[in-house]
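K.L.:
You'll find data-v3.tsv just under this line, and it carries TSV, C-alpha atoms.
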```
chain	number	residue	atom	x	y	z
A	21	MET	CA	0.00	0.00	0.00
A	22	THR	CA	1.41	3.39	-0.97
A	23	SER	CA	1.82	6.06	1.68
A	24	LEU	CA	0.17	9.48	1.53
A	25	THR	CA	2.07	12.08	-0.46
A	26	PRO	CA	2.15	15.73	0.70
A	27	ARG	CA	-0.32	16.45	-2.11
A	28	ASP	CA	-2.64	13.70	-0.88
A	29	LYS	CA	-2.51	15.15	2.64
A	30	ASP	CA	-3.37	18.65	1.40
A	31	THR	CA	-6.25	17.29	-0.69
A	32	ILE	CA	-7.54	15.21	2.22
A	33	LYS	CA	-7.38	18.11	4.68
A	34	ALA	CA	-9.08	20.49	2.26
A	35	PHE	CA	-11.90	18.10	1.35
A	36	MET	CA	-12.44	16.89	4.91
A	37	ALA	CA	-12.66	20.49	6.11
A	38	LYS	CA	-15.80	20.75	3.96
A	39	ALA	CA	-17.04	17.20	4.55
A	40	SER	CA	-16.55	16.93	8.32
A	41	VAL	CA	-19.39	19.40	8.85
A	42	TYR	CA	-21.55	16.58	7.49
A	43	ALA	CA	-19.70	13.82	9.37
A	44	GLU	CA	-22.84	12.62	11.14
A	45	GLU	CA	-24.89	12.50	7.97
A	46	ILE	CA	-22.09	10.75	6.07
A	47	GLY	CA	-21.59	8.22	8.84
A	48	LYS	CA	-25.30	7.43	9.18
A	49	ASP	CA	-25.85	7.04	5.45
A	50	ALA	CA	-22.64	5.07	4.83
A	51	LEU	CA	-23.35	2.53	7.55
A	52	CYS	CA	-27.02	2.18	6.52
A	53	ARG	CA	-25.96	1.61	2.94
A	54	MET	CA	-23.35	-0.93	3.95
A	55	ILE	CA	-25.87	-2.97	5.92
A	56	ALA	CA	-28.43	-2.74	3.11
A	57	VAL	CA	-26.10	-3.49	0.20
A	58	TYR	CA	-23.77	-5.95	1.99
A	59	PRO	CA	-26.05	-7.87	4.35
A	60	GLN	CA	-23.17	-10.06	5.55
A	61	THR	CA	-21.96	-7.05	7.54
A	62	LYS	CA	-25.07	-7.32	9.73
A	63	THR	CA	-23.38	-10.21	11.49
A	64	TYR	CA	-21.33	-7.76	13.53
A	65	PHE	CA	-24.43	-6.15	14.97
A	66	SER	CA	-26.38	-9.19	16.13
A	67	HIS	CA	-26.42	-7.70	19.63
A	68	TRP	CA	-28.85	-5.04	18.43
A	69	LYS	CA	-32.52	-5.94	18.25
A	70	ASP	CA	-33.04	-3.87	15.14
A	71	VAL	CA	-30.34	-4.25	12.50
A	72	SER	CA	-32.39	-2.80	9.70
A	73	PRO	CA	-30.61	-0.10	7.71
A	74	THR	CA	-32.79	2.60	9.22
A	75	SER	CA	-32.52	1.58	12.88
A	76	GLY	CA	-31.50	4.10	15.51
A	77	HIS	CA	-28.57	1.92	16.58
A	78	VAL	CA	-27.17	1.85	13.06
A	79	LYS	CA	-27.49	5.60	12.65
A	80	LYS	CA	-25.83	6.32	15.97
A	81	HIS	CA	-22.99	3.94	15.23
A	82	GLY	CA	-22.43	5.46	11.80
A	83	ILE	CA	-21.94	8.80	13.54
A	84	THR	CA	-19.40	7.31	15.96
A	85	ILE	CA	-17.41	5.80	13.11
A	86	MET	CA	-17.40	8.88	10.90
A	87	ASN	CA	-16.39	11.15	13.77
A	88	ALA	CA	-13.39	8.89	14.30
A	89	VAL	CA	-12.55	9.06	10.58
A	90	ALA	CA	-12.78	12.86	10.67
A	91	ASP	CA	-10.55	12.84	13.75
A	92	ALA	CA	-7.99	10.68	11.92
A	93	VAL	CA	-7.31	13.66	9.63
A	94	SER	CA	-5.55	15.33	12.56
A	95	LYS	CA	-3.33	12.25	12.85
A	96	LEU	CA	-2.37	12.07	9.19
A	97	ASP	CA	1.34	12.21	9.92
A	98	ASP	CA	1.21	9.16	12.17
A	99	LEU	CA	-1.95	7.16	11.61
A	100	LYS	CA	-0.51	3.98	13.14
A	101	GLY	CA	0.39	5.76	16.38
A	102	GLY	CA	-2.73	7.88	16.48
A	103	LEU	CA	-5.09	4.96	15.91
A	104	LEU	CA	-3.29	2.50	18.21
A	105	SER	CA	-6.01	2.17	20.82
A	106	LEU	CA	-8.73	1.91	18.17
A	107	SER	CA	-6.68	-0.79	16.53
A	108	GLU	CA	-6.48	-2.70	19.80
A	109	LEU	CA	-10.25	-2.36	20.20
A	110	HIS	CA	-10.89	-3.75	16.71
A	111	ALA	CA	-8.28	-6.49	17.09
A	112	PHE	CA	-9.05	-7.87	20.51
A	113	THR	CA	-12.62	-6.90	21.27
A	114	LEU	CA	-14.54	-6.29	18.05
A	115	ARG	CA	-12.55	-8.61	15.80
A	116	VAL	CA	-14.04	-7.20	12.63
A	117	ASP	CA	-12.59	-8.94	9.57
A	118	PRO	CA	-10.49	-6.22	7.91
A	119	ALA	CA	-12.09	-7.00	4.53
A	120	ASN	CA	-15.08	-5.12	5.87
A	121	PHE	CA	-13.10	-1.89	6.23
A	122	LYS	CA	-12.85	-1.84	2.43
A	123	ILE	CA	-16.60	-2.31	2.14
A	124	LEU	CA	-17.34	0.55	4.54
A	125	SER	CA	-14.76	2.76	2.81
A	126	HIS	CA	-16.53	2.20	-0.51
A	127	ASN	CA	-19.83	3.27	1.01
A	128	ILE	CA	-18.27	6.36	2.59
A	129	LEU	CA	-16.95	7.34	-0.85
A	130	VAL	CA	-20.38	6.79	-2.44
A	131	VAL	CA	-22.00	9.10	0.13
A	132	MET	CA	-19.30	11.71	-0.42
A	133	ALA	CA	-19.99	11.58	-4.18
A	134	ILE	CA	-23.69	12.12	-3.47
A	135	LEU	CA	-23.12	15.05	-1.10
A	136	PHE	CA	-20.35	16.68	-3.13
A	137	PRO	CA	-21.00	15.85	-6.81
A	138	GLU	CA	-18.83	18.73	-8.04
A	139	GLU	CA	-16.03	18.62	-5.47
A	140	PHE	CA	-15.57	14.84	-5.43
A	141	THR	CA	-13.39	14.90	-8.53
A	142	PRO	CA	-11.23	11.91	-9.51
A	143	GLU	CA	-8.24	13.68	-7.93
A	144	VAL	CA	-10.06	14.09	-4.61
A	145	HIS	CA	-11.44	10.55	-4.93
A	146	VAL	CA	-7.99	8.97	-5.24
A	147	SER	CA	-6.61	10.84	-2.22
A	148	MET	CA	-9.67	10.00	-0.12
A	149	ASP	CA	-9.52	6.35	-1.21
A	150	LYS	CA	-5.86	6.25	-0.18
A	151	PHE	CA	-6.72	7.95	3.14
A	152	LEU	CA	-9.44	5.46	4.01
A	153	ALA	CA	-7.16	2.58	2.98
A	154	ALA	CA	-4.43	3.98	5.24
A	155	VAL	CA	-6.90	4.28	8.13
A	156	ALA	CA	-8.02	0.70	7.53
A	157	LEU	CA	-4.43	-0.50	7.47
A	158	SER	CA	-3.71	1.26	10.76
A	159	LEU	CA	-6.84	-0.24	12.30
A	160	ALA	CA	-5.65	-3.70	11.31
A	161	GLU	CA	-2.18	-3.07	12.76
A	162	LYS	CA	-2.69	-4.95	16.04
A	163	TYR	CA	-4.64	-7.87	14.56
A	164	ARG	CA	-1.66	-10.22	14.41
B	5	MET	CA	-29.38	-18.39	-13.12
B	6	VAL	CA	-29.64	-14.81	-11.99
B	7	VAL	CA	-33.10	-13.91	-10.80
B	8	TRP	CA	-34.29	-10.32	-11.09
B	9	THR	CA	-37.35	-9.02	-9.28
B	10	GLU	CA	-39.69	-6.61	-11.08
B	11	SER	CA	-38.38	-3.86	-8.82
B	12	GLU	CA	-34.73	-4.58	-9.70
B	13	LEU	CA	-35.47	-4.62	-13.43
B	14	SER	CA	-37.30	-1.35	-13.09
B	15	ILE	CA	-34.45	0.24	-11.11
B	16	ILE	CA	-31.79	-0.81	-13.63
B	17	ASN	CA	-33.84	0.46	-16.57
B	18	SER	CA	-34.55	3.69	-14.78
B	19	ILE	CA	-30.87	4.28	-13.96
B	20	PHE	CA	-29.65	3.66	-17.49
B	21	SER	CA	-32.40	5.66	-19.16
B	22	SER	CA	-31.44	8.64	-16.99
B	23	LEU	CA	-27.81	8.47	-18.07
B	24	ASP	CA	-26.19	10.35	-20.93
B	25	TYR	CA	-23.79	7.67	-22.13
B	26	GLU	CA	-21.64	10.29	-23.87
B	27	ASP	CA	-21.15	12.05	-20.53
B	28	ILE	CA	-21.02	9.27	-17.96
B	29	GLY	CA	-18.91	6.87	-20.04
B	30	PRO	CA	-15.90	9.17	-20.40
B	31	LYS	CA	-16.23	10.34	-16.78
B	32	ALA	CA	-16.27	6.81	-15.38
B	33	LEU	CA	-13.31	5.64	-17.46
B	34	CYS	CA	-11.25	8.75	-16.65
B	35	ARG	CA	-12.01	8.31	-12.96
B	36	CYS	CA	-10.86	4.70	-13.14
B	37	LEU	CA	-7.57	5.64	-14.83
B	38	ILE	CA	-6.93	8.36	-12.23
B	39	VAL	CA	-8.08	6.58	-9.07
B	40	TYR	CA	-6.54	3.23	-10.04
B	41	PRO	CA	-3.57	4.30	-12.17
B	42	TRP	CA	-2.39	0.75	-12.81
B	43	THR	CA	-5.43	0.32	-15.08
B	44	GLN	CA	-3.62	2.61	-17.53
B	45	ARG	CA	-1.59	-0.42	-18.54
B	46	TYR	CA	-4.37	-1.41	-20.94
B	47	PHE	CA	-4.39	1.93	-22.72
B	48	GLY	CA	-0.81	2.19	-23.95
B	49	GLY	CA	-1.91	2.98	-27.49
B	50	PHE	CA	-4.41	5.66	-26.54
B	51	GLY	CA	-2.09	8.64	-26.43
B	52	ASN	CA	-1.20	11.01	-23.60
B	53	LEU	CA	-2.21	9.71	-20.14
B	54	TYR	CA	0.53	11.56	-18.34
B	55	ASN	CA	-1.63	13.27	-15.74
B	56	ALA	CA	-5.27	13.75	-14.78
B	57	ALA	CA	-5.69	16.74	-17.10
B	58	ALA	CA	-4.29	14.80	-20.05
B	59	ILE	CA	-6.53	11.82	-19.31
B	60	LYS	CA	-9.63	14.00	-19.06
B	61	SER	CA	-8.93	15.70	-22.39
B	62	ASN	CA	-7.89	12.56	-24.25
B	63	PRO	CA	-10.41	11.96	-27.04
B	64	ASN	CA	-9.54	8.26	-27.41
B	65	ILE	CA	-10.32	7.67	-23.75
B	66	ALA	CA	-13.60	9.56	-24.05
B	67	ALA	CA	-14.60	7.51	-27.09
B	68	HIS	CA	-13.76	4.32	-25.27
B	69	GLY	CA	-15.78	5.33	-22.24
B	70	ILE	CA	-18.82	5.78	-24.47
B	71	LYS	CA	-18.17	2.39	-26.06
B	72	ILE	CA	-18.13	0.78	-22.61
B	73	LEU	CA	-21.50	2.30	-21.66
B	74	HIS	CA	-23.02	1.03	-24.89
B	75	GLY	CA	-21.56	-2.36	-24.01
B	76	LEU	CA	-23.34	-2.21	-20.64
B	77	ASP	CA	-26.51	-1.22	-22.45
B	78	ARG	CA	-26.46	-4.61	-24.15
B	79	ALA	CA	-26.77	-6.26	-20.75
B	80	VAL	CA	-29.56	-3.88	-19.72
B	81	LYS	CA	-31.48	-4.89	-22.85
B	82	ASN	CA	-30.96	-8.58	-22.11
B	83	MET	CA	-31.14	-8.97	-18.33
B	84	ASP	CA	-32.01	-12.67	-18.47
B	85	GLY	CA	-29.14	-13.57	-20.76
B	86	ILE	CA	-26.19	-11.48	-19.63
B	87	LYS	CA	-23.79	-14.42	-19.63
B	88	GLU	CA	-24.64	-15.27	-23.25
B	89	THR	CA	-24.64	-11.62	-24.28
B	90	TYR	CA	-21.08	-11.19	-23.04
B	91	ALA	CA	-19.58	-14.54	-24.10
B	92	GLU	CA	-17.78	-13.01	-27.06
B	93	LEU	CA	-16.70	-9.89	-25.14
B	94	SER	CA	-15.35	-12.12	-22.39
B	95	THR	CA	-13.21	-14.03	-24.85
B	96	LEU	CA	-12.02	-10.75	-26.33
B	97	HIS	CA	-11.00	-9.32	-22.94
B	98	SER	CA	-9.25	-12.53	-22.01
B	99	GLU	CA	-7.52	-13.71	-25.16
B	100	LYS	CA	-6.89	-10.49	-27.07
B	101	LEU	CA	-6.85	-7.67	-24.51
B	102	HIS	CA	-5.47	-9.71	-21.58
B	103	VAL	CA	-7.34	-7.65	-19.00
B	104	ASP	CA	-7.15	-8.89	-15.39
B	105	PRO	CA	-10.83	-9.39	-14.47
B	106	ASP	CA	-10.30	-7.62	-11.14
B	107	ASN	CA	-10.16	-4.44	-13.20
B	108	PHE	CA	-13.81	-4.85	-14.19
B	109	THR	CA	-14.76	-4.37	-10.54
B	110	LEU	CA	-12.60	-1.25	-10.31
B	111	LEU	CA	-14.34	0.30	-13.31
B	112	GLY	CA	-17.64	-0.75	-11.78
B	113	ASN	CA	-16.72	1.15	-8.58
B	114	CYS	CA	-16.03	4.30	-10.58
B	115	LEU	CA	-19.28	3.98	-12.50
B	116	THR	CA	-21.10	3.61	-9.16
B	117	ILE	CA	-19.50	6.83	-7.90
B	118	GLU	CA	-20.38	8.75	-11.10
B	119	ILE	CA	-23.98	7.56	-10.98
B	120	ALA	CA	-24.20	8.40	-7.26
B	121	ALA	CA	-22.95	11.92	-8.00
B	122	LYS	CA	-25.48	12.27	-10.81
B	123	LEU	CA	-28.55	10.89	-9.03
B	124	GLY	CA	-27.78	12.38	-5.62
B	125	ASP	CA	-30.42	11.43	-3.07
B	126	GLY	CA	-32.12	9.40	-5.79
B	127	PHE	CA	-29.29	6.91	-5.41
B	128	THR	CA	-30.89	5.28	-2.38
B	129	ALA	CA	-29.42	2.26	-0.60
B	130	GLU	CA	-31.91	0.08	-2.51
B	131	THR	CA	-30.88	1.60	-5.84
B	132	GLN	CA	-27.20	1.16	-4.94
B	133	GLY	CA	-27.75	-2.46	-3.98
B	134	THR	CA	-29.56	-3.22	-7.23
B	135	PHE	CA	-26.97	-1.45	-9.35
B	136	GLN	CA	-24.12	-3.24	-7.59
B	137	LYS	CA	-25.90	-6.57	-8.10
B	138	PHE	CA	-26.19	-5.76	-11.82
B	139	MET	CA	-22.49	-4.83	-12.02
B	140	ALA	CA	-21.53	-8.01	-10.17
B	141	VAL	CA	-23.43	-10.07	-12.74
B	142	VAL	CA	-21.80	-8.14	-15.58
B	143	VAL	CA	-18.33	-8.60	-14.08
B	144	ASN	CA	-18.96	-12.29	-13.55
B	145	ALA	CA	-20.14	-12.76	-17.14
B	146	LEU	CA	-17.12	-10.89	-18.52
B	147	GLY	CA	-14.85	-13.18	-16.54
B	148	LYS	CA	-16.58	-16.37	-17.63
B	149	GLN	CA	-14.43	-17.18	-20.68
B	150	TYR	CA	-11.10	-16.75	-18.90
B	151	HIS	CA	-9.02	-19.91	-18.63
```
Could I get this file's structure written as structure tokens?
P.N.:
Amino acid sequence: MTSLTPRDKDTIKAFMAKASVYAEEIGKDALCRMIAVYPQTKTYFSHWKDVSPTSGHVKKHGITIMNAVADAVSKLDDLKGGLLSLSELHAFTLRVDPANFKILSHNILVVMAILFPEEFTPEVHVSMDKFLAAVALSLAEKYR
Amino acid sequence: MVVWTESELSIINSIFSSLDYEDIGPKALCRCLIVYPWTQRYFGGFGNLYNAAAIKSNPNIAAHGIKILHGLDRAVKNMDGIKETYAELSTLHSEKLHVDPDNFTLLGNCLTIEIAAKLGDGFTAETQGTFQKFMAVVVNALGKQYH
């Protein structure tokens, strides 16, 4: 996996400055979409009574996730270090198969394209895709 | 055998009839070449792909993007026989063009993003799911003749 270039970091910071205002909306929609379009991801939420895409639990959790992603922007220069405790959480407690990070990333990008049809150019898309991949990689750091 | 509900058929037809193939095709292909630059390996003879600006203004790439959308249209017009519809194209992509089938998914991702940007809120989770199912069937059919 390639690391983030200075240009990537500038692009990410600039786009996320606009997008993070909508972090809650992005998070809610992305997680709802993931559960609807990739039903196998529901398996991680069997402890909720209602795992339908529109449930309150799902919405709230989408917000939690996206706030963490927005926060990761401030840790761009050391994602591994900055996301260490989240990695431990995902590795030892949640044990989410890292393949699912890619699925959620895809849905985050789809929602960004919907909310920012003009700004989400291919150039922004590639930097954001790399960013989410880097976050995912850092989250998987403590898995084994 | 792929089974399509009435709703899914309706969604796919509605998506494609709302698209301007001459607009979306080039955009999706350009996005693919920029977001996944290794896909440029298949376009060596297409001229200048040096940077994003060059890719976006390359007429050969634009023409090819349109061609791809028309290719997808063939599947839309033959939802119950996508595998058969693409048998020849699959052989072409495998034996002549030597395209790694994983790339079909990458282009599919970019098309999803372009359609999402175009339809906005109209690209609901249900619409996305149906479109992605359609693309998965297309990708599978295109990979069928690879040995």
K.L.:
Listing only residues of chain B within 6 Å of chain A, what is the closest atom pair and its distance in Å (to one decimal) for each, using all atoms listed in the file, sorted by chain and residue number ascending, as CSV?
P.N.:
```
residue,atom,partner,partner_atom,distance
B:Arg35,CA,A:Pro142,CA,5.0
B:Val39,CA,A:Val146,CA,4.5
B:Ile117,CA,A:Val130,CA,5.5
B:Ala120,CA,A:Ile134,CA,5.3
B:Ala121,CA,A:Pro137,CA,4.5
B:Gly124,CA,A:Ile134,CA,4.6
B:Ala129,CA,A:Arg53,CA,5.0
B:Gly133,CA,A:Val57,CA,4.6
```
K.L.:
What does the structure give for the distance between CA of Ile32 in chain A and CA of Val93 in chain A, in Å to one decimal?
P.N.:
7.6 Å
K.L.:
With all atoms listed in the file as the atoms that count, which of A:Leu152, A:Leu51, A:Leu103, A:Ile128 lies nearest to Phe65 in chain A?
P.N.:
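Going through A:Leu152, A:Leu51, A:Leu103, A:Ile128 one by one, the smallest distance to Phe65 in chain A is for A:Leu51.
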K.L.:
Just checking: using only C-alpha atoms, which residue out of A:Val155, A:Asp97, A:Val116, A:Thr84 ends up closest to Lys62 in chain A?
P.N.:
A:Val116
K.L.:
Of the residues A:His81, A:Leu96, A:Pro118, A:Ser125, which is the one nearest to Leu24 in chain A, using all atoms listed in the file?
P.N.:
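That would be A:Leu96, the residue with the smallest distance to Leu24 in chain A.
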K.L.:
With distances taken over only C-alpha atoms, which of A:Ala154, A:Ile85, A:Val78, A:Leu109 is nearest to Thr25 in chain A?
P.N.:
A:Ala154
K.L.:
Quick check, in Å to one decimal: how far apart do CA of Ile16 in chain B and CA of Tyr90 in chain B lie?
P.N.:
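Atom-to-atom, CA of Ile16 in chain B to CA of Tyr90 in chain B, that is 17.6 Å.
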K.L.:
Could you tell me how far CA of Leu114 in chain A sits from CA of His67 in chain A, in Å to one decimal place?
P.N.:
12.1 Å
K.L.:
Using only C-alpha atoms, determine which residues lie at most 12 Å from Ser40 in chain A, disregarding the query and same-chain residues fewer than 6 positions distant; provide the list as a PyMOL selection string.
P.N.:
chain A and resi 32-34+46-47+83+86-94+132+135
K.L.:
Quick one: of B:Gly29, B:Pro105, B:Pro63, B:Gly48, who's nearest to Asp77 in chain B, counting all atoms listed in the file?
P.N.:
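Ranking B:Gly29, B:Pro105, B:Pro63, B:Gly48 by distance to Asp77 in chain B, first place goes to B:Gly29.
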K.L.:
Output as JSON the centre and edge lengths (Å, one decimal) of the box along x, y and z of the file that holds every listed atom of range 47-51 of chain B after adding 4 Å on each side.
P.N.:
```
{"center_x": -2.6, "center_y": 5.3, "center_z": -25.1, "size_x": 11.6, "size_y": 14.7, "size_z": 12.8}
```
K.L.:
So which residues fall inside 8 Å of (-28.8, 13.0, -16.4) if we count all atoms listed in the file? Mind giving them as a PyMOL selection string?
P.N.:
chain B and resi 22-24+122-123
K.L.:
Could you write out that same residue set with C-alpha atoms as an mmCIF file, in the frame of the given file?
P.N.:
```
data_model
loop_
_atom_site.group_PDB
_atom_site.id
_atom_site.type_symbol
_atom_site.label_atom_id
_atom_site.label_comp_id
_atom_site.auth_asym_id
_atom_site.auth_seq_id
_atom_site.Cartn_x
_atom_site.Cartn_y
_atom_site.Cartn_z
ATOM 1 C CA SER B 22 -31.440 8.640 -16.990
ATOM 2 C CA LEU B 23 -27.810 8.470 -18.070
ATOM 3 C CA ASP B 24 -26.190 10.350 -20.930
ATOM 4 C CA LYS B 122 -25.480 12.270 -10.810
ATOM 5 C CA LEU B 123 -28.550 10.890 -9.030
#
```
